[in-house]
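Each remark here refers to the structure printed beneath this line.
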Amino acid sequence: MAASASFLDPAALMAIRNLELRARTVVEGFWHGLHRSPYHGFSVEFTEYRPYSIGDDPRHLDWKLVGRTDRYYIKKFEDETNLRCQLLIDGSRSMTFGSRGYTKAEYAHTFAATLAHFLDQQGDAVGLLTFDEEVREYLPPRHRPGHLRQLMLALEKPAGGQTTDLIKPLRRMAELMRRRGMIVLVSDLLAPLATLETSLALLTASGHEVLVFQLLDPAEVSFTFDAPARFVDLETGRDIFLEPALARAEYQRRLEAHTAEVRAVCERLGVTLQRLTSDQPLELALFDFLKVRASRGKLARRRTAA
Amino acid sequence: MSFLAPLFLLGALAVLGPIAFHLIRRTTREVTPFSTLMFLQPTPPRVTKRSRLENIWLLLLRCLAIALLALGFARPFLQSKATSATAAGGTGKRTVILLDTSASMRREELASTAREKVEELLRNAGPDDQVAVVAFDRSVRPVISFEEWKTLGPGERAAVAGQRLAGVMPTWEGTHLDTALLHAASLLDTPGDDLPHPREIVIVSDLQEGSRVDGVQGYEWPRSIQVTLQTVQAKQEQNAGIQWIVESEETENSGSGEASVRLRISSASEAMREPLAVQWAETKPGEAAAKLSVTITSGRSQTVRAPKPPDATATKLTFSGDQADFDNTVYVLPPETAQIPVLFLGTDPAEDPRGSLYYLRRGFPTTRQQRVEIVAHAGNAPVPGFQLQQAQLLVLGEEPVETSIAAARQFAREGRIVVAPLTSVTSAQTVARLFDLPQLPAAEAKVKDYALLGQIDFQHPLFAAFADPRFSDFTKIHFWKHRQLDTAPLPGARIIARFDSGDPAIVQAPLGKGSVVIFTSSWRTSDSQLALSSKFVPLLHALLEQSRNLPVQKAQYFVGDEVPLPSAAQPFRIRKPDGSEVDAAAESKFAGTDQPGVYAITPGTQRFVVNLAPEESRTAPLAAQRFIALGVPLTNATANLPAVTPEAGARIQAAELENRQKVWRWLIVTALAALLLETILAGRLSRTIGRPATAQT
């Protein structure tokens, strides 16, 4: 994806030290851009009424309606109707790779911060879960003053993990997040996928809407190394000698196979998979997110209609 | 160019190492971290065309260093044409044959056996070989030299050598094998001959235990010299030797007058079963010789007293009972008592203890070697010429007459010593007359209490015997009176001793061929304690010895020893035991002691005895280990060791040549230089291109 001149160069953006400021820069720019965008119909699900049944909290009764029609209807609260978005950020060692002067982890954090800032501005509840081989930071989705700041602080903590283990954090997520919502997983997904399907299935089965952003460095995609060298695995420390020119084709083939496998899993489960490269402007990433959301909304409506 | 260790050239294959390392790109330096190796397979290092061209000079230097090292270890040497020719032919050997002609070779047929062996060796010599034959005992005598060998035709060599060998007979001398070996080595090691011939020394000898070999210890043998032992063995190995033990004066009981002869009889290491019978060779007619039976264990020696000689002139002792006869005779010559007259010219009464003569008579005790006779002349009668001739020392006493002084002057001029004690101031005038001086200033010294000898020249022969600190204490001798003598008028006077006042005490002044020894005091009891001190007798003896000036005579000599001859006006004739006579100059050394027996010197009655060296009697074979211990390069150290094969000889030659040329040193130095250059070059290269290459994405 070629970066357009109207978008912020990720490298320039990453030069901003403060994560919150970084996120705000992106979101404000995005808002400006959005006026020109044809996709402005975005909104959370609208409020609904349902008949009162015994056991419901009488606080939730719509007293105005009772006064007007003498019928007992339960009115959904505003926050409840808003989007509950949980961001899952991979903090494993493989995310510390970066060929552009910043790492994938930095890009992922900025992306998460941007998303959180954006959703917060919309009034949605945003939560955060960072993980490597286990869960590191957990903030439940809320929409409160100060929550965003806390979230930014959590994101600024350095990633200290070793390997990527998707199973445990996803299972934990399923346990923690009882209410339905949206789960955004940002990871390079460079891990064996044996149980990815079951874990993702656990989330989709709980009714969550799952978005997966596979974040890769451009070097990981194109494998544009020249010099033969010892390649050291950031997670395991294993090293092998490589002649990149010879290994490139095979690498790309296997990477694509892996990605195809992931995509297949996601399609089976109705999970949206989007690939991000870390040289992509964040606005575009955010735009991708919105696009995915919109199509998801249509898809969901189609599904409910069906 | 040849190589001593050509297998080391295989080491040059190691140049493949640097070439391979240069072809393979460096792998270990650069490390690229990557997110995951999930999709990566190790690829083998790639050989690229580009890398082959990298650092070509470095590669060349490395290959050069390795190749030079391999070449150096292979020990190359340049073989000259002549060497390769001789090496190819396998000939051109230089051999020195040492033929033993010592007394022990007189046993049985040893001499002829040895000669046959030498002849066989000569016959077997190739036409290119060079052979020298050297006969040896105490000394070495060339039989055929290398030069003679070269001038003779190959056909006639053996014949000529055989002729000469026929004239080589065993002598009576001892075996100095070390001298012979060193001589042979020097013959072989001629300078200027830089071609490494195989060189060999062949010893044809009975190799008896008594051979002297210690001289080769520490000798650095040239590398290519080999020593071969060709031993001739006697069938009968039992042998005993006899040796006359000359007794020193201290052990002599001169009182009895009848000296017994002590003999040491020793056996070689083989067992002696029968007792040996020792007897005098000369017997009185009709009288059975007195025999002494000695049983001796093997390898031991025993000291016995010889039986009573049949008469005083008996000189030859023999024994029988062993199997080798050459060493069964010993000659014994009892030392004769020399009559030494000492003239005393003066009026001193002989039996007056206050005079000089009294102590002089008692100052020369009679020993077995000499009897000193004091001949005193008191009157006006001139001293008889024969007395003057025979006297060995002259002492001036009180008031000598003019004729006495003239006799003393003549005596000194003939080369002897005149002793002149100054008993009074007037005695100085006697000395003045002796030197034909008008006046010799002298005065009575003023002595408080007593004077001592303060300064003594212990270098002088007169006092040399006292030089040892144990004997050099002269402070016990007090001088009551002495005279101050002005030595200036005496030409060449040497002050031997001074009093503590600095006045001369003993002065020696040359006169003619001899000298005058002046005592400024005297040994009379009125003058000093000198005559009563323990120094008096040695001092008189020293004077007598210096006056006689005789070479020290030994009681017995061994065959080959040099005998010093006394001084005399005319040359001597020396009669050997076999009756032949030899002329010898006086005061020289007589070296013709080539046979055991009694030698007589004429004119005069002096005789000396020459015996066989006792070491020759030790006929047990010498162990080859002894040679090995001395570092002699034996070829057949163990008797059946095969001789050096031509290949081994060529190898030894090559080693010698290589050792001389030492090409490897230069190769190693060049290799080091190449490595140094390589280091410098590599350092420069790593500075310029050493930055790690990073991934360009």
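Identifiers for the structure tokens are assigned positionally: chains receive A, B, ... in sequence, residues are indexed from 1 per chain, and ligands are indexed from 1 in the order shown.
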Requested in this report: Output as an MDAnalysis selection string the set of chain B residues within 6 Å of chain A, with distances taken over only C-alpha atoms.
Outcome: chainID B and resid 30:37 39:40 42:43 695:697
Please write the residues from the selection above to a file, keeping N, CA and C atoms, as a compact mmCIF listing (two decimals), in the first residue's frame.
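Contents of selection.txt, as written:
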# COMPACT_ATOMS: atom_id res chain seq x y z
N GLU B 30 28.48 -11.22 10.70
CA GLU B 30 27.27 -10.42 10.67
C GLU B 30 26.08 -11.18 11.23
N VAL B 31 25.37 -10.50 12.10
CA VAL B 31 24.20 -11.12 12.72
C VAL B 31 23.00 -10.24 12.42
N THR B 32 21.97 -10.85 11.87
CA THR B 32 20.75 -10.10 11.59
C THR B 32 19.64 -10.63 12.48
N PRO B 33 19.12 -9.80 13.36
CA PRO B 33 17.98 -10.28 14.15
C PRO B 33 16.74 -10.29 13.27
N PHE B 34 15.94 -11.29 13.46
CA PHE B 34 14.73 -11.40 12.64
C PHE B 34 13.61 -11.91 13.52
N SER B 35 12.42 -11.52 13.15
CA SER B 35 11.31 -11.80 14.06
C SER B 35 11.08 -13.28 14.26
N THR B 36 11.17 -14.04 13.19
CA THR B 36 10.97 -15.47 13.37
C THR B 36 11.70 -16.23 12.28
N LEU B 37 12.11 -17.41 12.65
CA LEU B 37 12.78 -18.26 11.67
C LEU B 37 11.84 -19.35 11.18
N PHE B 39 9.82 -19.56 8.87
CA PHE B 39 9.69 -19.83 7.43
C PHE B 39 11.05 -19.93 6.75
N LEU B 40 12.10 -20.06 7.56
CA LEU B 40 13.44 -20.03 6.97
C LEU B 40 14.14 -21.37 7.13
N PRO B 42 18.06 -23.14 6.77
CA PRO B 42 19.48 -22.76 6.63
C PRO B 42 19.94 -23.02 5.20
N THR B 43 20.68 -22.07 4.66
CA THR B 43 21.23 -22.29 3.33
C THR B 43 22.73 -22.40 3.44
N ALA B 695 21.35 -5.04 6.53
CA ALA B 695 20.31 -5.37 5.55
C ALA B 695 19.75 -4.09 4.97
N GLN B 696 19.70 -4.04 3.67
CA GLN B 696 19.13 -2.88 2.99
C GLN B 696 17.72 -3.24 2.57
N THR B 697 16.72 -2.72 3.27
CA THR B 697 15.34 -3.06 2.94
C THR B 697 14.58 -1.82 2.54
Query raised in the report: Per DSSP on the backbone, what are the strand (DSSP E or B) residues of segment 117-257 of chain A, as a VMD selection string?
Result: chain A and resid 125 to 131 135 to 142 182 to 187 209 to 216 229 to 233 239 to 242
Deliver the residues from the most recent selection as a file, using C-alpha atoms, as a CSV table (one decimal), in the first residue's frame.
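Saved as selection.csv:
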chain,number,residue,atom,x,y,z
A,125,ALA,CA,-16.0,1.9,25.8
A,126,VAL,CA,-12.4,0.8,25.1
A,127,GLY,CA,-10.5,-1.8,27.0
A,128,LEU,CA,-7.0,-3.1,26.6
A,129,LEU,CA,-5.2,-6.4,27.0
A,130,THR,CA,-1.6,-6.8,26.2
A,131,PHE,CA,0.0,-10.2,26.2
A,135,VAL,CA,-1.6,-11.7,29.8
A,136,ARG,CA,0.5,-8.7,30.9
A,137,GLU,CA,-1.9,-5.7,31.2
A,138,TYR,CA,-5.7,-5.8,31.4
A,139,LEU,CA,-8.0,-2.9,31.4
A,140,PRO,CA,-11.8,-3.6,31.1
A,141,PRO,CA,-13.7,-1.6,28.5
A,142,ARG,CA,-15.0,1.6,30.0
A,182,MET,CA,-15.9,-6.1,19.7
A,183,ILE,CA,-12.4,-7.6,20.1
A,184,VAL,CA,-9.6,-6.2,18.0
A,185,LEU,CA,-6.5,-8.4,18.0
A,186,VAL,CA,-3.3,-6.8,16.8
A,187,SER,CA,-0.6,-9.4,16.3
A,209,GLU,CA,-17.2,-9.5,17.0
A,210,VAL,CA,-13.6,-10.3,16.3
A,211,LEU,CA,-11.3,-8.2,14.1
A,212,VAL,CA,-7.8,-9.5,13.5
A,213,PHE,CA,-5.1,-7.2,12.3
A,214,GLN,CA,-2.0,-9.1,11.2
A,215,LEU,CA,0.8,-6.6,11.6
A,216,LEU,CA,3.9,-7.3,9.6
A,229,ALA,CA,24.4,-13.4,7.7
A,230,ARG,CA,23.4,-15.3,10.7
A,231,PHE,CA,19.7,-14.7,11.3
A,232,VAL,CA,18.8,-14.8,14.9
A,233,ASP,CA,15.2,-15.6,16.0
A,239,ASP,CA,20.3,-18.7,14.7
A,240,ILE,CA,20.9,-20.0,11.2
A,241,PHE,CA,23.0,-18.9,8.4
A,242,LEU,CA,21.2,-17.6,5.5
Query raised in the report: Near Pro51 of chain A, within 8 Å and counting only C-alpha atoms, which residues show up once chain neighbours fewer than 2 positions away are dropped, as an NGL selection string?
Result: :A and (49 or 53 or 72-74)
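Shortest atom-to-atom contact with Glu134 of chain A among A:Ala112, A:Arg17, A:Leu148, A:Thr164: A:Thr164, counting only C-alpha atoms.
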Requested in this report: Using DSSP on the backbone coordinates, identify all residues within segment 126-195 of chain B classified as helix (DSSP H, G or I); present the result as a PyMOL selection string.
Outcome: chain B and resi 146-151+157-166+177-188
Requested in this report: Please provide as an NGL selection string all residues within 7 Å of Phe136 of chain B, with the sequence filter that same-chain residues fewer than 6 positions apart are discarded (counting only C-alpha atoms).
Outcome: :B and (98-101 or 180)
Pull N, CA and C atoms from the residues just selected and write them as a PDB file, in the first residue's frame.
ATOM      1  N   LEU B  98      93.268 -48.298  12.601  1.00  0.00           N
ATOM      2  CA  LEU B  98      94.181 -48.159  13.731  1.00  0.00           C
ATOM      3  C   LEU B  98      94.628 -49.553  14.141  1.00  0.00           C
ATOM      4  N   LEU B  99      95.916 -49.809  14.018  1.00  0.00           N
ATOM      5  CA  LEU B  99      96.427 -51.130  14.366  1.00  0.00           C
ATOM      6  C   LEU B  99      97.149 -51.029  15.704  1.00  0.00           C
ATOM      7  N   ASP B 100      96.681 -51.813  16.638  1.00  0.00           N
ATOM      8  CA  ASP B 100      97.255 -51.801  17.985  1.00  0.00           C
ATOM      9  C   ASP B 100      98.589 -52.534  17.960  1.00  0.00           C
ATOM     10  N   THR B 101      99.645 -51.879  18.450  1.00  0.00           N
ATOM     11  CA  THR B 101     100.947 -52.556  18.528  1.00  0.00           C
ATOM     12  C   THR B 101     101.471 -52.506  19.954  1.00  0.00           C
ATOM     13  N   ALA B 180      95.215 -42.271  19.761  1.00  0.00           N
ATOM     14  CA  ALA B 180      95.108 -42.799  18.403  1.00  0.00           C
ATOM     15  C   ALA B 180      93.782 -42.394  17.764  1.00  0.00           C
TER      16      ALA B 180
END
